[in-house]
file run_29.txt (compact mmCIF, C-alpha atoms)
# COMPACT_ATOMS: atom_id res chain seq x y z
CA MET A 1 177.79 92.76 -10.37
CA THR A 2 180.33 89.94 -10.15
CA LYS A 3 182.87 90.26 -7.35
CA THR A 4 186.54 89.31 -7.54
CA GLN A 5 188.47 86.83 -5.41
CA MET A 6 190.30 89.82 -3.91
CA TYR A 7 186.97 91.39 -2.93
CA TYR A 8 186.00 88.32 -0.91
CA ALA A 9 189.49 87.81 0.54
CA ARG A 10 189.62 91.39 1.81
CA ARG A 11 186.28 90.79 3.54
CA GLY A 12 187.72 87.66 5.18
CA GLU A 13 185.41 85.40 3.15
CA LEU A 14 186.96 82.16 1.94
CA THR A 15 185.63 81.21 -1.50
CA LYS A 16 185.48 77.71 -2.95
CA GLN A 17 188.15 78.82 -5.43
CA MET A 18 190.53 79.85 -2.63
CA SER A 19 189.84 76.61 -0.79
CA TYR A 20 190.50 74.56 -3.94
CA VAL A 21 193.77 76.40 -4.62
CA ALA A 22 194.91 75.80 -1.03
CA LYS A 23 194.17 72.09 -1.36
CA ILE A 24 195.98 71.55 -4.68
CA GLU A 25 198.92 73.70 -3.59
CA GLY A 26 199.29 72.03 -0.19
CA VAL A 27 199.06 75.30 1.75
CA SER A 28 196.57 76.64 4.27
CA GLU A 29 193.35 78.30 3.24
CA ASN A 30 194.29 81.28 5.42
CA LEU A 31 197.57 81.73 3.55
CA VAL A 32 195.74 81.77 0.21
CA MET A 33 193.05 84.15 1.47
CA ASP A 34 195.61 86.51 3.06
CA GLU A 35 197.83 86.57 -0.03
CA VAL A 36 194.88 87.09 -2.38
CA ALA A 37 193.75 89.99 -0.17
CA LYS A 38 197.24 91.54 -0.47
CA GLY A 39 197.42 90.93 -4.22
CA SER A 40 200.37 88.53 -3.83
CA ILE A 41 198.35 85.58 -5.17
CA ILE A 42 195.90 85.77 -8.02
CA ILE A 43 193.26 83.22 -8.97
CA PRO A 44 192.41 83.78 -12.64
CA ALA A 45 188.92 82.28 -12.53
CA ASN A 46 186.46 83.98 -14.86
CA VAL A 47 182.91 83.06 -13.79
CA ASN A 48 181.98 82.72 -17.48
CA HIS A 49 184.48 79.87 -17.92
CA THR A 50 182.18 77.24 -16.50
CA ASN A 51 184.41 74.14 -16.66
CA LEU A 52 187.45 75.89 -15.16
CA LYS A 53 189.46 74.30 -12.37
CA PRO A 54 190.80 77.20 -10.29
CA MET A 55 194.53 77.67 -9.88
CA GLY A 56 196.66 80.20 -8.10
CA ILE A 57 199.68 82.17 -9.18
CA GLY A 58 202.03 83.72 -6.63
CA ARG A 59 205.44 83.46 -4.99
CA LYS A 60 204.20 81.29 -2.14
CA LEU A 61 202.74 78.77 -4.59
CA LYS A 62 204.22 76.28 -7.06
CA THR A 63 205.69 77.57 -10.32
CA LYS A 64 203.15 77.64 -13.15
CA ILE A 65 203.58 76.76 -16.81
CA ASN A 66 201.82 78.76 -19.53
CA ALA A 67 201.47 77.42 -23.07
CA ASN A 68 200.83 79.53 -26.16
CA ILE A 69 198.58 78.43 -29.01
CA GLY A 70 196.87 80.27 -31.83
CA ASN A 71 196.32 80.48 -35.53
CA SER A 72 197.22 83.12 -38.09
CA SER A 73 195.60 84.78 -41.05
CA LEU A 74 197.30 82.10 -43.20
CA SER A 75 195.93 79.14 -41.28
CA SER A 76 192.69 79.20 -39.31
CA ASP A 77 191.30 75.88 -38.09
CA ILE A 78 189.35 75.43 -34.86
CA ASP A 79 190.02 71.68 -34.78
CA ALA A 80 193.78 72.29 -35.04
CA GLU A 81 193.63 74.77 -32.14
CA LEU A 82 191.65 72.28 -30.04
CA LYS A 83 194.29 69.60 -30.75
CA LYS A 84 196.98 72.05 -29.60
CA LEU A 85 194.92 72.76 -26.47
CA GLN A 86 194.61 69.04 -25.68
CA ILE A 87 198.39 68.64 -25.99
CA CYS A 88 198.89 71.59 -23.62
CA LEU A 89 196.51 70.05 -21.08
CA LYS A 90 197.99 66.55 -21.47
CA TYR A 91 201.47 67.81 -20.65
CA GLY A 92 200.42 69.92 -17.68
CA ALA A 93 200.03 73.52 -18.79
CA ASP A 94 198.53 75.54 -15.95
CA THR A 95 197.26 78.28 -18.27
CA VAL A 96 196.92 78.66 -22.04
CA MET A 97 197.29 81.87 -24.01
CA ASP A 98 195.29 82.10 -27.24
CA LEU A 99 197.40 84.16 -29.63
CA SER A 100 195.12 83.74 -32.65
CA THR A 101 195.28 86.55 -35.18
CA GLY A 102 193.19 85.32 -38.11
CA GLY A 103 189.91 83.70 -39.00
CA ASP A 104 186.84 83.80 -36.77
CA LEU A 105 188.58 84.81 -33.55
CA ASP A 106 185.41 84.71 -31.46
CA ALA A 107 184.53 81.17 -32.58
CA ILE A 108 188.09 79.94 -32.02
CA ARG A 109 188.25 81.53 -28.55
CA SER A 110 184.83 80.19 -27.57
CA ALA A 111 185.83 76.66 -28.62
CA ILE A 112 189.11 76.86 -26.71
CA ILE A 113 187.39 78.09 -23.53
CA ALA A 114 184.64 75.46 -23.81
CA ASN A 115 187.26 72.70 -24.04
CA SER A 116 189.72 73.95 -21.43
CA THR A 117 189.82 73.30 -17.69
CA VAL A 118 192.64 75.84 -17.24
CA PRO A 119 192.45 79.63 -17.46
CA ILE A 120 192.63 81.08 -20.97
CA GLY A 121 194.35 84.36 -21.72
CA THR A 122 194.49 86.57 -24.79
CA VAL A 123 196.23 89.58 -26.25
CA PRO A 124 193.16 91.76 -26.89
CA MET A 125 195.09 93.99 -29.28
CA TYR A 126 195.18 91.09 -31.78
CA GLN A 127 191.37 91.04 -31.87
CA ILE A 128 191.18 94.83 -31.99
CA ILE A 129 193.53 95.13 -34.97
CA HIS A 130 191.76 92.20 -36.67
CA ASP A 131 188.41 93.98 -36.24
CA ILE A 132 189.33 97.61 -37.03
CA LYS A 133 191.84 96.72 -39.79
CA GLU A 134 193.86 99.96 -39.52
CA VAL A 135 195.54 100.99 -36.26
CA GLU A 136 194.91 104.62 -37.16
CA ASN A 137 191.21 103.94 -36.54
CA LEU A 138 191.80 102.75 -32.97
CA LYS A 139 189.67 104.38 -30.28
CA ALA A 140 189.67 103.81 -26.52
CA ALA A 141 186.11 102.52 -26.83
CA ASP A 142 187.37 99.73 -29.13
CA ILE A 143 189.77 98.54 -26.45
CA LEU A 144 187.14 98.55 -23.72
CA LYS A 145 184.57 96.86 -25.95
CA THR A 146 187.00 94.05 -26.81
CA LEU A 147 188.06 93.53 -23.20
CA GLU A 148 184.42 93.27 -22.13
CA LYS A 149 183.51 90.92 -24.99
CA GLN A 150 186.41 88.58 -24.24
CA ALA A 151 185.68 88.63 -20.50
CA ARG A 152 182.07 87.69 -21.24
CA GLN A 153 183.39 84.79 -23.31
CA GLY A 154 185.33 83.51 -20.29
CA VAL A 155 188.86 84.86 -20.80
CA SER A 156 190.55 84.91 -17.39
CA TYR A 157 193.59 87.11 -18.09
CA PHE A 158 194.95 89.52 -20.66
CA THR A 159 198.34 90.62 -21.92
CA ILE A 160 198.12 94.34 -22.67
CA HIS A 161 200.62 95.92 -25.07
call {"tool": "encode", "arguments": {"input": "run_29.txt", "output": "structure tokens"}}
result
Amino acid sequence: MTKTQMYYARRGELTKQMSYVAKIEGVSENLVMDEVAKGSIIIPANVNHTNLKPMGIGRKLKTKINANIGNSSLSSDIDAELKKLQICLKYGADTVMDLSTGGDLDAIRSAIIANSTVPIGTVPMYQIIHDIKEVENLKAADILKTLEKQARQGVSYFTIH
């Protein structure tokens, strides 16, 4: 079972992710570890996102910028999404939210994660509705299945509506 940054911080174990965040933020490793342990800093670093550079989010750290990208059912093009991602990275986005709602969502998400060094987030409900077609068919198991699938792909954070 994979452990979280909070798990290690609460045990007093400094991870390489915590150390990296402390270095890029210009704060002490102990501050990062203590704040992660309290839940005041998060490090969205999915172990399945293999080219990810860790970053921290919290009041005692620098302000972060999130960028939103994504296609629709009218326009679905992986290359276009990757161009959007590169623009986000070029101009300093700290995280990127994939808001895609049409086309092959798994392929698009996988390509975005593979080409991103920053954490990628999603709105799982977009995938769920895309897959089940009618909201009346929604079951709790669908939600859990989608969350697990996206986490296995390397998604580091979710917006839940």
call {"tool": "atom_distance", "arguments": {"input": "run_29.txt", "atom1": "CA of Ile65 in chain A", "atom2": "CA of Glu148 in chain A"}}
result
25.8 Å
call {"tool": "atom_distance", "arguments": {"input": "run_29.txt", "atom1": "CA of Gly56 in chain A", "atom2": "CA of Thr4 in chain A"}}
result
13.6 Å
call {"tool": "closest_atom_pairs", "arguments": {"input": "run_29.txt", "of": "range 104-140 of chain A", "to": "range 43-53 of chain A", "cutoff": "10 Å", "atoms": "only C-alpha atoms", "output": "CSV"}}
result
residue,atom,partner,partner_atom,distance
A:Ser110,CA,A:His49,CA,9.7
A:Ile113,CA,A:His49,CA,6.6
A:Ala114,CA,A:Asn51,CA,7.3
A:Asn115,CA,A:Asn51,CA,8.0
A:Ser116,CA,A:Leu52,CA,6.9
A:Thr117,CA,A:Leu52,CA,4.3
A:Val118,CA,A:Leu52,CA,5.6
A:Pro119,CA,A:Pro44,CA,6.4
A:Ile120,CA,A:Pro44,CA,8.8
A:Gly121,CA,A:Pro44,CA,9.3
call {"tool": "closest_residue", "arguments": {"input": "run_29.txt", "among": "A:Lys149, A:Ile78, A:Tyr157, A:Ile87", "to": "Ile57 in chain A", "atoms": "all atoms listed in the file"}}
result
A:Tyr157
call {"tool": "closest_residue", "arguments": {"input": "run_29.txt", "among": "A:Val32, A:Arg109, A:Gly12, A:Ser100", "to": "Leu74 in chain A", "atoms": "all atoms listed in the file"}}
result
A:Ser100
call {"tool": "atom_distance", "arguments": {"input": "run_29.txt", "atom1": "CA of Leu144 in chain A", "atom2": "CA of Ile108 in chain A"}}
result
20.4 Å
call {"tool": "closest_residue", "arguments": {"input": "run_29.txt", "among": "A:Cys88, A:Val96, A:Ala140, A:Val36", "to": "Arg10 in chain A", "atoms": "only C-alpha atoms"}}
result
A:Val36
call {"tool": "closest_residue", "arguments": {"input": "run_29.txt", "among": "A:Met18, A:Gly92, A:Lys62, A:Gly103", "to": "Ile42 in chain A", "atoms": "only C-alpha atoms"}}
result
A:Met18
call {"tool": "closest_residue", "arguments": {"input": "run_29.txt", "among": "A:His161, A:Ile41, A:Arg152, A:Ile112", "to": "Thr2 in chain A", "atoms": "all atoms listed in the file"}}
result
A:Arg152
call {"tool": "build_atoms", "arguments": {"input": "run_29.txt", "residues": "range 61-80 of chain A", "atoms": "N, CA, C and O atoms", "output": "PDB file, keeping the file's coordinate frame"}}
result
ATOM      1  N   LEU A  61     203.355  79.941  -3.961  1.00  0.00           N
ATOM      2  CA  LEU A  61     202.740  78.770  -4.590  1.00  0.00           C
ATOM      3  C   LEU A  61     203.728  78.139  -5.567  1.00  0.00           C
ATOM      4  O   LEU A  61     204.775  78.707  -5.855  1.00  0.00           O
ATOM      5  N   LYS A  62     203.370  76.977  -6.080  1.00  0.00           N
ATOM      6  CA  LYS A  62     204.220  76.280  -7.060  1.00  0.00           C
ATOM      7  C   LYS A  62     204.348  77.104  -8.333  1.00  0.00           C
ATOM      8  O   LYS A  62     203.459  77.873  -8.687  1.00  0.00           O
ATOM      9  N   THR A  63     205.452  76.908  -9.033  1.00  0.00           N
ATOM     10  CA  THR A  63     205.690  77.570 -10.320  1.00  0.00           C
ATOM     11  C   THR A  63     204.661  77.069 -11.328  1.00  0.00           C
ATOM     12  O   THR A  63     204.327  75.891 -11.358  1.00  0.00           O
ATOM     13  N   LYS A  64     204.166  77.974 -12.151  1.00  0.00           N
ATOM     14  CA  LYS A  64     203.150  77.640 -13.150  1.00  0.00           C
ATOM     15  C   LYS A  64     203.748  77.669 -14.548  1.00  0.00           C
ATOM     16  O   LYS A  64     204.679  78.417 -14.822  1.00  0.00           O
ATOM     17  N   ILE A  65     203.160  76.852 -15.412  1.00  0.00           N
ATOM     18  CA  ILE A  65     203.580  76.760 -16.810  1.00  0.00           C
ATOM     19  C   ILE A  65     202.449  77.280 -17.690  1.00  0.00           C
ATOM     20  O   ILE A  65     201.313  76.829 -17.594  1.00  0.00           O
ATOM     21  N   ASN A  66     202.763  78.242 -18.551  1.00  0.00           N
ATOM     22  CA  ASN A  66     201.820  78.760 -19.530  1.00  0.00           C
ATOM     23  C   ASN A  66     202.217  78.223 -20.900  1.00  0.00           C
ATOM     24  O   ASN A  66     203.393  78.144 -21.223  1.00  0.00           O
ATOM     25  N   ALA A  67     201.225  77.855 -21.693  1.00  0.00           N
ATOM     26  CA  ALA A  67     201.470  77.420 -23.070  1.00  0.00           C
ATOM     27  C   ALA A  67     200.771  78.388 -24.010  1.00  0.00           C
ATOM     28  O   ALA A  67     199.694  78.899 -23.698  1.00  0.00           O
ATOM     29  N   ASN A  68     201.397  78.643 -25.146  1.00  0.00           N
ATOM     30  CA  ASN A  68     200.830  79.530 -26.160  1.00  0.00           C
ATOM     31  C   ASN A  68     200.336  78.728 -27.349  1.00  0.00           C
ATOM     32  O   ASN A  68     201.054  77.855 -27.840  1.00  0.00           O
ATOM     33  N   ILE A  69     199.118  79.015 -27.786  1.00  0.00           N
ATOM     34  CA  ILE A  69     198.580  78.430 -29.010  1.00  0.00           C
ATOM     35  C   ILE A  69     197.976  79.562 -29.825  1.00  0.00           C
ATOM     36  O   ILE A  69     197.889  80.694 -29.349  1.00  0.00           O
ATOM     37  N   GLY A  70     197.531  79.258 -31.021  1.00  0.00           N
ATOM     38  CA  GLY A  70     196.870  80.270 -31.830  1.00  0.00           C
ATOM     39  C   GLY A  70     197.116  80.070 -33.303  1.00  0.00           C
ATOM     40  O   GLY A  70     198.107  79.464 -33.705  1.00  0.00           O
ATOM     41  N   ASN A  71     196.205  80.578 -34.081  1.00  0.00           N
ATOM     42  CA  ASN A  71     196.320  80.480 -35.530  1.00  0.00           C
ATOM     43  C   ASN A  71     196.797  81.803 -36.093  1.00  0.00           C
ATOM     44  O   ASN A  71     197.095  82.731 -35.355  1.00  0.00           O
ATOM     45  N   SER A  72     196.826  81.870 -37.421  1.00  0.00           N
ATOM     46  CA  SER A  72     197.220  83.120 -38.090  1.00  0.00           C
ATOM     47  C   SER A  72     196.241  83.387 -39.220  1.00  0.00           C
ATOM     48  O   SER A  72     195.351  82.577 -39.489  1.00  0.00           O
ATOM     49  N   SER A  73     196.443  84.466 -39.898  1.00  0.00           N
ATOM     50  CA  SER A  73     195.600  84.780 -41.050  1.00  0.00           C
ATOM     51  C   SER A  73     195.851  83.792 -42.194  1.00  0.00           C
ATOM     52  O   SER A  73     195.025  83.638 -43.087  1.00  0.00           O
ATOM     53  N   LEU A  74     196.976  83.088 -42.163  1.00  0.00           N
ATOM     54  CA  LEU A  74     197.300  82.100 -43.200  1.00  0.00           C
ATOM     55  C   LEU A  74     196.695  80.738 -42.921  1.00  0.00           C
ATOM     56  O   LEU A  74     196.485  79.953 -43.837  1.00  0.00           O
ATOM     57  N   SER A  75     196.445  80.448 -41.655  1.00  0.00           N
ATOM     58  CA  SER A  75     195.930  79.140 -41.280  1.00  0.00           C
ATOM     59  C   SER A  75     194.974  79.298 -40.103  1.00  0.00           C
ATOM     60  O   SER A  75     195.388  79.662 -39.009  1.00  0.00           O
ATOM     61  N   SER A  76     193.700  79.030 -40.352  1.00  0.00           N
ATOM     62  CA  SER A  76     192.690  79.200 -39.310  1.00  0.00           C
ATOM     63  C   SER A  76     191.816  77.954 -39.256  1.00  0.00           C
ATOM     64  O   SER A  76     191.008  77.714 -40.153  1.00  0.00           O
ATOM     65  N   ASP A  77     192.004  77.153 -38.198  1.00  0.00           N
ATOM     66  CA  ASP A  77     191.300  75.880 -38.090  1.00  0.00           C
ATOM     67  C   ASP A  77     190.995  75.604 -36.618  1.00  0.00           C
ATOM     68  O   ASP A  77     191.917  75.350 -35.835  1.00  0.00           O
ATOM     69  N   ILE A  78     189.740  75.649 -36.262  1.00  0.00           N
ATOM     70  CA  ILE A  78     189.350  75.430 -34.860  1.00  0.00           C
ATOM     71  C   ILE A  78     189.811  74.066 -34.383  1.00  0.00           C
ATOM     72  O   ILE A  78     190.344  73.935 -33.276  1.00  0.00           O
ATOM     73  N   ASP A  79     189.618  73.033 -35.196  1.00  0.00           N
ATOM     74  CA  ASP A  79     190.020  71.680 -34.780  1.00  0.00           C
ATOM     75  C   ASP A  79     191.512  71.605 -34.481  1.00  0.00           C
ATOM     76  O   ASP A  79     191.926  70.944 -33.524  1.00  0.00           O
ATOM     77  N   ALA A  80     192.331  72.279 -35.281  1.00  0.00           N
ATOM     78  CA  ALA A  80     193.780  72.290 -35.040  1.00  0.00           C
ATOM     79  C   ALA A  80     194.095  72.976 -33.712  1.00  0.00           C
ATOM     80  O   ALA A  80     194.951  72.506 -32.955  1.00  0.00           O
TER      81      ALA A  80
END
